[in-house]
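Here the structure is laid out as structure tokens; the discussion comes afterwards.
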Amino acid sequence: MKILVTGSKGQLGLELRRLFESEHPALAVVYADASDLDITDREAVEAFLRAGDFSHVVNCAAYTAVDRAEEEKAAAHAVNADGPGNLARMADELGFRLMHISTDYVFDGTASTPLTESAKPRPLSVYGATKRQGETALLGLAPESIVIRTAGLYSPHGENFVKTMLKFAFEGRSRVAVVYDQIGAPTSAADLARAVAAIILSKKWTPGIYHYSNEGVCSWYDVAREVFDALPAGISAPELTPILSADRPSAATRPNYLVLDHARIRATYGLDIPHWRHALRRDLPRILENLK
């Protein structure tokens, strides 16, 4: 077994590296960021994969600047749609197993019950649309692949909502306003990495789309409240004000209801998915350490 992780310096890529190196040090894993492999370059992808002799490829590379994508449509499409297509062509030709990370933003947020994998995608933003195009291209070219849709990823790395809330507190902000009408559940990148590894290392490979986020249902206001309630001694929590999405306009439209149904991934791979509160409380010490 030899694994390639693309987008290796993003949140999930770094957590996969941490997991594999600490728990599976004998496993052959190659970590490639954009400087090592530009997945939008079809010829570069072909040469890299032909030379690598990989059994599995996990595509964590993505254009994730949701608001900026409204202006940078071509850049978002190249990474989120063309890139997965380039990987899928080679998966079809070379026969390696391809896993691709997608997003809950492929949905429009009008549902009222947890979204299953069969729910009809209807993205509201360029980001969501290009991620959906990536899913379609990948599964069309390499139907034996796995797509995992996730939501609200956070970790000690990069930029994410949890780190932003912590920074506000450490900066001494007196007030923070957070939307309470966008409903879903955040995802610990460490937990998603564990799920990805469990699938790869299992004895079965069942192609198709799966949903994965931490268990439970909450708003971004609830997540901020949990972060502030867990602040270390000596750090004062800002006053937290709930607001509507309409009170904070943005370039990209955010879906309001994005609760993902996890039944399929639990049943297929026997995954134990932690509740979002438990995961957040567990991860906060590592995130705080990274802020120091």
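Ordering of the structure tokens sets the chain letters (A, B, ...); residue numbers start at 1 within each chain; ligands are numbered from 1 in the order shown.
Within segment 101-206 of chain A, DSSP applied to the backbone places the following residues in strand (DSSP E or B): Ile101, Ser102, Thr103, Leu115, Ile146, Val147, Ile148, Arg149, Thr150, Leu153, Tyr154, Arg175, Val176, Ala177, Val178, Val179, Ile183, Gly184, Thr187 and Ser188 of chain A.
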Per residue of segment 123-171 of chain A within 6 Å of segment 96-119 of chain A, which atom pair is closest and at what distance in Å (one decimal), using only C-alpha atoms, listed by chain and increasing number, as a Markdown table?
```
| residue | atom | partner | partner_atom | distance |
| --- | --- | --- | --- | --- |
| A:Pro123 | CA | A:Val106 | CA | 4.5 |
| A:Leu124 | CA | A:Asp108 | CA | 5.7 |
| A:Gly128 | CA | A:Val106 | CA | 4.7 |
| A:Arg132 | CA | A:Val106 | CA | 5.7 |
| A:Ser145 | CA | A:Leu98 | CA | 5.0 |
| A:Ile146 | CA | A:Met99 | CA | 4.7 |
| A:Val147 | CA | A:His100 | CA | 4.8 |
| A:Ile148 | CA | A:Ile101 | CA | 5.0 |
| A:Arg149 | CA | A:Ser102 | CA | 4.4 |
| A:Thr150 | CA | A:Thr103 | CA | 4.9 |
| A:Ala151 | CA | A:Asp104 | CA | 5.6 |
```
| What's the 8 Å shell around segment 230-247 of chain A, counting only C-alpha atoms, without same-chain residues fewer than 4 positions away, as a ChimeraX atom specification? | /A:168-170,172-182,221,224-226,281
Please produce a file of the residues just selected, as a compact mmCIF listing (two decimals), in the first residue's frame, where the atoms kept are all heavy atoms.
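What landed in selection_27.txt:
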```
# COMPACT_ATOMS: atom_id res chain seq x y z
N PHE A 168 -10.34 36.41 18.74
CA PHE A 168 -11.13 37.55 19.23
C PHE A 168 -11.02 37.66 20.75
O PHE A 168 -10.86 38.75 21.31
CB PHE A 168 -12.60 37.38 18.84
CG PHE A 168 -12.89 37.62 17.39
CD1 PHE A 168 -14.09 37.19 16.83
CD2 PHE A 168 -11.98 38.26 16.56
CE1 PHE A 168 -14.37 37.41 15.49
CE2 PHE A 168 -12.25 38.48 15.22
CZ PHE A 168 -13.46 38.05 14.68
N ALA A 169 -11.11 36.52 21.43
CA ALA A 169 -11.02 36.53 22.89
C ALA A 169 -9.63 36.97 23.36
O ALA A 169 -9.49 37.80 24.26
CB ALA A 169 -11.36 35.15 23.45
N PHE A 170 -8.59 36.42 22.73
CA PHE A 170 -7.23 36.75 23.14
C PHE A 170 -6.87 38.20 22.81
O PHE A 170 -6.02 38.79 23.47
CB PHE A 170 -6.23 35.79 22.47
CG PHE A 170 -6.06 34.50 23.21
CD1 PHE A 170 -7.04 33.50 23.15
CD2 PHE A 170 -4.94 34.25 23.99
CE1 PHE A 170 -6.90 32.31 23.84
CE2 PHE A 170 -4.79 33.06 24.69
CZ PHE A 170 -5.77 32.09 24.61
N GLY A 172 -8.90 40.54 23.23
CA GLY A 172 -9.63 41.36 24.18
C GLY A 172 -10.85 42.05 23.63
O GLY A 172 -11.29 43.08 24.16
N ARG A 173 -11.42 41.50 22.58
CA ARG A 173 -12.64 42.11 22.03
C ARG A 173 -13.75 42.09 23.07
O ARG A 173 -13.93 41.10 23.78
CB ARG A 173 -13.10 41.36 20.79
CG ARG A 173 -12.17 41.51 19.61
CD ARG A 173 -12.97 41.59 18.33
NE ARG A 173 -12.10 41.63 17.17
CZ ARG A 173 -12.54 41.66 15.92
NH1 ARG A 173 -13.85 41.63 15.70
NH2 ARG A 173 -11.70 41.69 14.92
N SER A 174 -14.52 43.15 23.11
CA SER A 174 -15.58 43.22 24.11
C SER A 174 -16.87 42.58 23.61
O SER A 174 -17.64 42.03 24.40
CB SER A 174 -15.85 44.68 24.49
OG SER A 174 -16.21 45.44 23.33
N ARG A 175 -17.11 42.64 22.29
CA ARG A 175 -18.35 42.08 21.73
C ARG A 175 -18.07 41.35 20.43
O ARG A 175 -17.24 41.79 19.63
CB ARG A 175 -19.38 43.20 21.46
CG ARG A 175 -19.89 43.88 22.71
CD ARG A 175 -20.93 44.96 22.35
NE ARG A 175 -21.42 45.64 23.52
CZ ARG A 175 -20.81 46.67 24.10
NH1 ARG A 175 -19.68 47.12 23.59
NH2 ARG A 175 -21.33 47.23 25.17
N VAL A 176 -18.80 40.27 20.23
CA VAL A 176 -18.72 39.51 18.97
C VAL A 176 -20.14 39.13 18.57
O VAL A 176 -20.90 38.61 19.40
CB VAL A 176 -17.86 38.23 19.12
CG1 VAL A 176 -17.91 37.39 17.85
CG2 VAL A 176 -16.42 38.58 19.46
N ALA A 177 -20.50 39.37 17.32
CA ALA A 177 -21.81 39.00 16.79
C ALA A 177 -21.65 37.79 15.87
O ALA A 177 -20.81 37.81 14.96
CB ALA A 177 -22.44 40.16 16.04
N VAL A 178 -22.46 36.76 16.10
CA VAL A 178 -22.36 35.52 15.33
C VAL A 178 -23.75 35.07 14.90
O VAL A 178 -24.71 35.17 15.69
CB VAL A 178 -21.68 34.40 16.15
CG1 VAL A 178 -21.62 33.09 15.37
CG2 VAL A 178 -20.28 34.82 16.59
N VAL A 179 -23.87 34.56 13.69
CA VAL A 179 -25.17 34.16 13.15
C VAL A 179 -25.71 32.94 13.90
O VAL A 179 -24.95 32.05 14.28
CB VAL A 179 -25.10 33.85 11.64
CG1 VAL A 179 -24.73 35.11 10.86
CG2 VAL A 179 -24.11 32.74 11.32
N TYR A 180 -27.02 32.93 14.12
CA TYR A 180 -27.66 31.80 14.79
C TYR A 180 -28.66 31.09 13.89
O TYR A 180 -29.32 30.13 14.32
CB TYR A 180 -28.35 32.26 16.08
CG TYR A 180 -29.60 33.10 15.88
CD1 TYR A 180 -30.86 32.51 15.85
CD2 TYR A 180 -29.52 34.48 15.73
CE1 TYR A 180 -32.01 33.27 15.68
CE2 TYR A 180 -30.65 35.24 15.55
CZ TYR A 180 -31.89 34.64 15.53
OH TYR A 180 -33.03 35.40 15.34
N ASP A 181 -28.78 31.52 12.62
CA ASP A 181 -29.74 30.88 11.72
C ASP A 181 -29.07 30.04 10.64
O ASP A 181 -29.72 29.61 9.69
CB ASP A 181 -30.66 31.92 11.08
CG ASP A 181 -29.91 32.96 10.24
OD1 ASP A 181 -28.67 33.09 10.41
OD2 ASP A 181 -30.56 33.66 9.43
N GLN A 182 -27.77 29.76 10.78
CA GLN A 182 -27.08 28.80 9.92
C GLN A 182 -26.82 27.56 10.78
O GLN A 182 -26.02 27.59 11.71
CB GLN A 182 -25.78 29.38 9.38
CG GLN A 182 -25.99 30.51 8.39
CD GLN A 182 -24.69 31.12 7.89
OE1 GLN A 182 -23.61 30.52 7.99
NE2 GLN A 182 -24.77 32.33 7.36
N TYR A 221 -23.50 30.35 16.33
CA TYR A 221 -23.60 31.00 17.64
C TYR A 221 -23.32 29.99 18.75
O TYR A 221 -22.59 30.28 19.70
CB TYR A 221 -24.99 31.61 17.80
CG TYR A 221 -25.25 32.17 19.18
CD1 TYR A 221 -24.92 33.48 19.50
CD2 TYR A 221 -25.84 31.38 20.17
CE1 TYR A 221 -25.15 34.00 20.77
CE2 TYR A 221 -26.07 31.88 21.44
CZ TYR A 221 -25.73 33.19 21.74
OH TYR A 221 -25.96 33.69 22.99
N ALA A 224 -19.60 29.25 18.92
CA ALA A 224 -18.88 30.35 19.55
C ALA A 224 -19.09 30.34 21.06
O ALA A 224 -18.14 30.54 21.84
CB ALA A 224 -19.34 31.68 18.96
N ARG A 225 -20.32 30.07 21.50
CA ARG A 225 -20.62 30.01 22.93
C ARG A 225 -19.79 28.93 23.61
O ARG A 225 -19.24 29.13 24.69
CB ARG A 225 -22.12 29.73 23.11
CG ARG A 225 -22.62 29.57 24.54
CD ARG A 225 -22.80 30.92 25.21
NE ARG A 225 -21.55 31.48 25.68
CZ ARG A 225 -21.31 32.78 25.85
NH1 ARG A 225 -22.24 33.66 25.53
NH2 ARG A 225 -20.16 33.21 26.30
N GLU A 226 -19.68 27.77 22.96
CA GLU A 226 -18.90 26.66 23.52
C GLU A 226 -17.42 27.03 23.62
O GLU A 226 -16.76 26.71 24.61
CB GLU A 226 -19.08 25.41 22.66
CG GLU A 226 -18.58 24.13 23.30
CD GLU A 226 -19.47 23.65 24.44
OE1 GLU A 226 -20.63 24.11 24.56
OE2 GLU A 226 -18.99 22.80 25.21
N ARG A 281 -14.21 20.34 22.73
CA ARG A 281 -13.55 20.43 24.03
C ARG A 281 -12.23 19.65 24.02
O ARG A 281 -11.24 20.07 24.62
CB ARG A 281 -14.47 19.89 25.12
CG ARG A 281 -15.69 20.77 25.38
CD ARG A 281 -15.36 21.96 26.24
NE ARG A 281 -16.53 22.78 26.53
CZ ARG A 281 -16.69 23.49 27.64
NH1 ARG A 281 -15.73 23.48 28.56
NH2 ARG A 281 -17.77 24.21 27.82
```
| field | Test item: residues at most 7 Å from segment 189-192 of chain A, only C-alpha atoms, excluding those fewer than 3 positions along its chain, as a list of chain:residue names | value | A:Gln11, A:Leu12, A:Glu15, A:Leu153, A:Tyr154, A:Ser155, A:Ala195, A:Val196
Print the selection's residues with C-alpha atoms to a file, as a short mmCIF file (atom, residue, chain, number, x, y, z; two decimals), in the first residue's frame.
```cif
data_model
loop_
_atom_site.label_atom_id
_atom_site.label_comp_id
_atom_site.auth_asym_id
_atom_site.auth_seq_id
_atom_site.Cartn_x
_atom_site.Cartn_y
_atom_site.Cartn_z
CA GLN A 11 -6.21 21.40 7.65
CA LEU A 12 -7.11 17.83 6.75
CA GLU A 15 -4.09 16.06 10.41
CA LEU A 153 -13.75 22.03 9.28
CA TYR A 154 -11.54 23.25 12.14
CA SER A 155 -8.12 22.35 13.49
CA ALA A 195 -12.40 8.41 9.34
CA VAL A 196 -10.38 8.71 6.11
#
```
| said: Report, in Å to a single decimal, how far apart atom CA of Gly85 of chain A and atom CA of Leu141 of chain A are. | reply: 7.1 Å
| said: To test your reading of the structure, identify every residue in segment 39-267 of chain A that backbone DSSP assigns to alpha helix (DSSP H), and report it as a ChimeraX atom specification. | reply: /A:42-52,73-77,83-94,126-141,161-170,189-201,220-229,263-267
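Going from atom CA of Ile265 of chain A over to atom CA of Arg282 of chain A, you cover 22.6 Å.
Within the 10 Å cut-off around Lys204 of chain A, using only C-alpha atoms and omitting residues fewer than 4 positions from it on the same chain, the listed residues are Ile199, Ile200, Thr268 and Tyr269 of chain A.
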Write a file of the just-selected residues containing all heavy atoms, as an mmCIF file, in the first residue's frame.
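In the end it all went to out24.cif:
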```
data_model
loop_
_atom_site.group_PDB
_atom_site.id
_atom_site.type_symbol
_atom_site.label_atom_id
_atom_site.label_comp_id
_atom_site.auth_asym_id
_atom_site.auth_seq_id
_atom_site.Cartn_x
_atom_site.Cartn_y
_atom_site.Cartn_z
ATOM 1 N N ILE A 199 -11.205 4.125 6.565
ATOM 2 C CA ILE A 199 -11.712 3.620 5.293
ATOM 3 C C ILE A 199 -10.575 3.018 4.461
ATOM 4 O O ILE A 199 -10.689 1.916 3.927
ATOM 5 C CB ILE A 199 -12.429 4.734 4.514
ATOM 6 C CG1 ILE A 199 -13.720 5.130 5.241
ATOM 7 C CG2 ILE A 199 -12.733 4.300 3.079
ATOM 8 C CD1 ILE A 199 -14.388 6.381 4.682
ATOM 9 N N ILE A 200 -9.471 3.745 4.364
ATOM 10 C CA ILE A 200 -8.347 3.270 3.559
ATOM 11 C C ILE A 200 -7.779 1.966 4.106
ATOM 12 O O ILE A 200 -7.432 1.045 3.354
ATOM 13 C CB ILE A 200 -7.253 4.356 3.487
ATOM 14 C CG1 ILE A 200 -7.745 5.531 2.654
ATOM 15 C CG2 ILE A 200 -5.957 3.792 2.917
ATOM 16 C CD1 ILE A 200 -6.793 6.716 2.651
ATOM 17 N N THR A 268 -21.620 1.528 6.785
ATOM 18 C CA THR A 268 -20.684 0.899 5.849
ATOM 19 C C THR A 268 -19.341 0.609 6.496
ATOM 20 O O THR A 268 -18.747 -0.451 6.271
ATOM 21 C CB THR A 268 -20.483 1.794 4.611
ATOM 22 O OG1 THR A 268 -21.755 2.104 4.038
ATOM 23 C CG2 THR A 268 -19.617 1.091 3.573
ATOM 24 N N TYR A 269 -18.845 1.551 7.310
ATOM 25 C CA TYR A 269 -17.494 1.414 7.858
ATOM 26 C C TYR A 269 -17.445 1.325 9.384
ATOM 27 O O TYR A 269 -16.355 1.306 9.968
ATOM 28 C CB TYR A 269 -16.615 2.560 7.360
ATOM 29 C CG TYR A 269 -16.298 2.403 5.883
ATOM 30 C CD1 TYR A 269 -16.959 3.168 4.927
ATOM 31 C CD2 TYR A 269 -15.381 1.457 5.451
ATOM 32 C CE1 TYR A 269 -16.696 3.001 3.570
ATOM 33 C CE2 TYR A 269 -15.110 1.282 4.103
ATOM 34 C CZ TYR A 269 -15.762 2.060 3.167
ATOM 35 O OH TYR A 269 -15.506 1.880 1.828
#
```
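Take atom CA of Ala193 of chain A and atom CA of Asn80 of chain A: the distance between them is 19.8 Å.
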| request: Find the spatial neighbours of Glu46 of chain A, counting only C-alpha atoms, within a cut-off of 12 Å - ignore same-chain residues fewer than 5 positions away - and output them as a PyMOL selection string. | output: chain A and resi 37-41+51-53+83+85-94
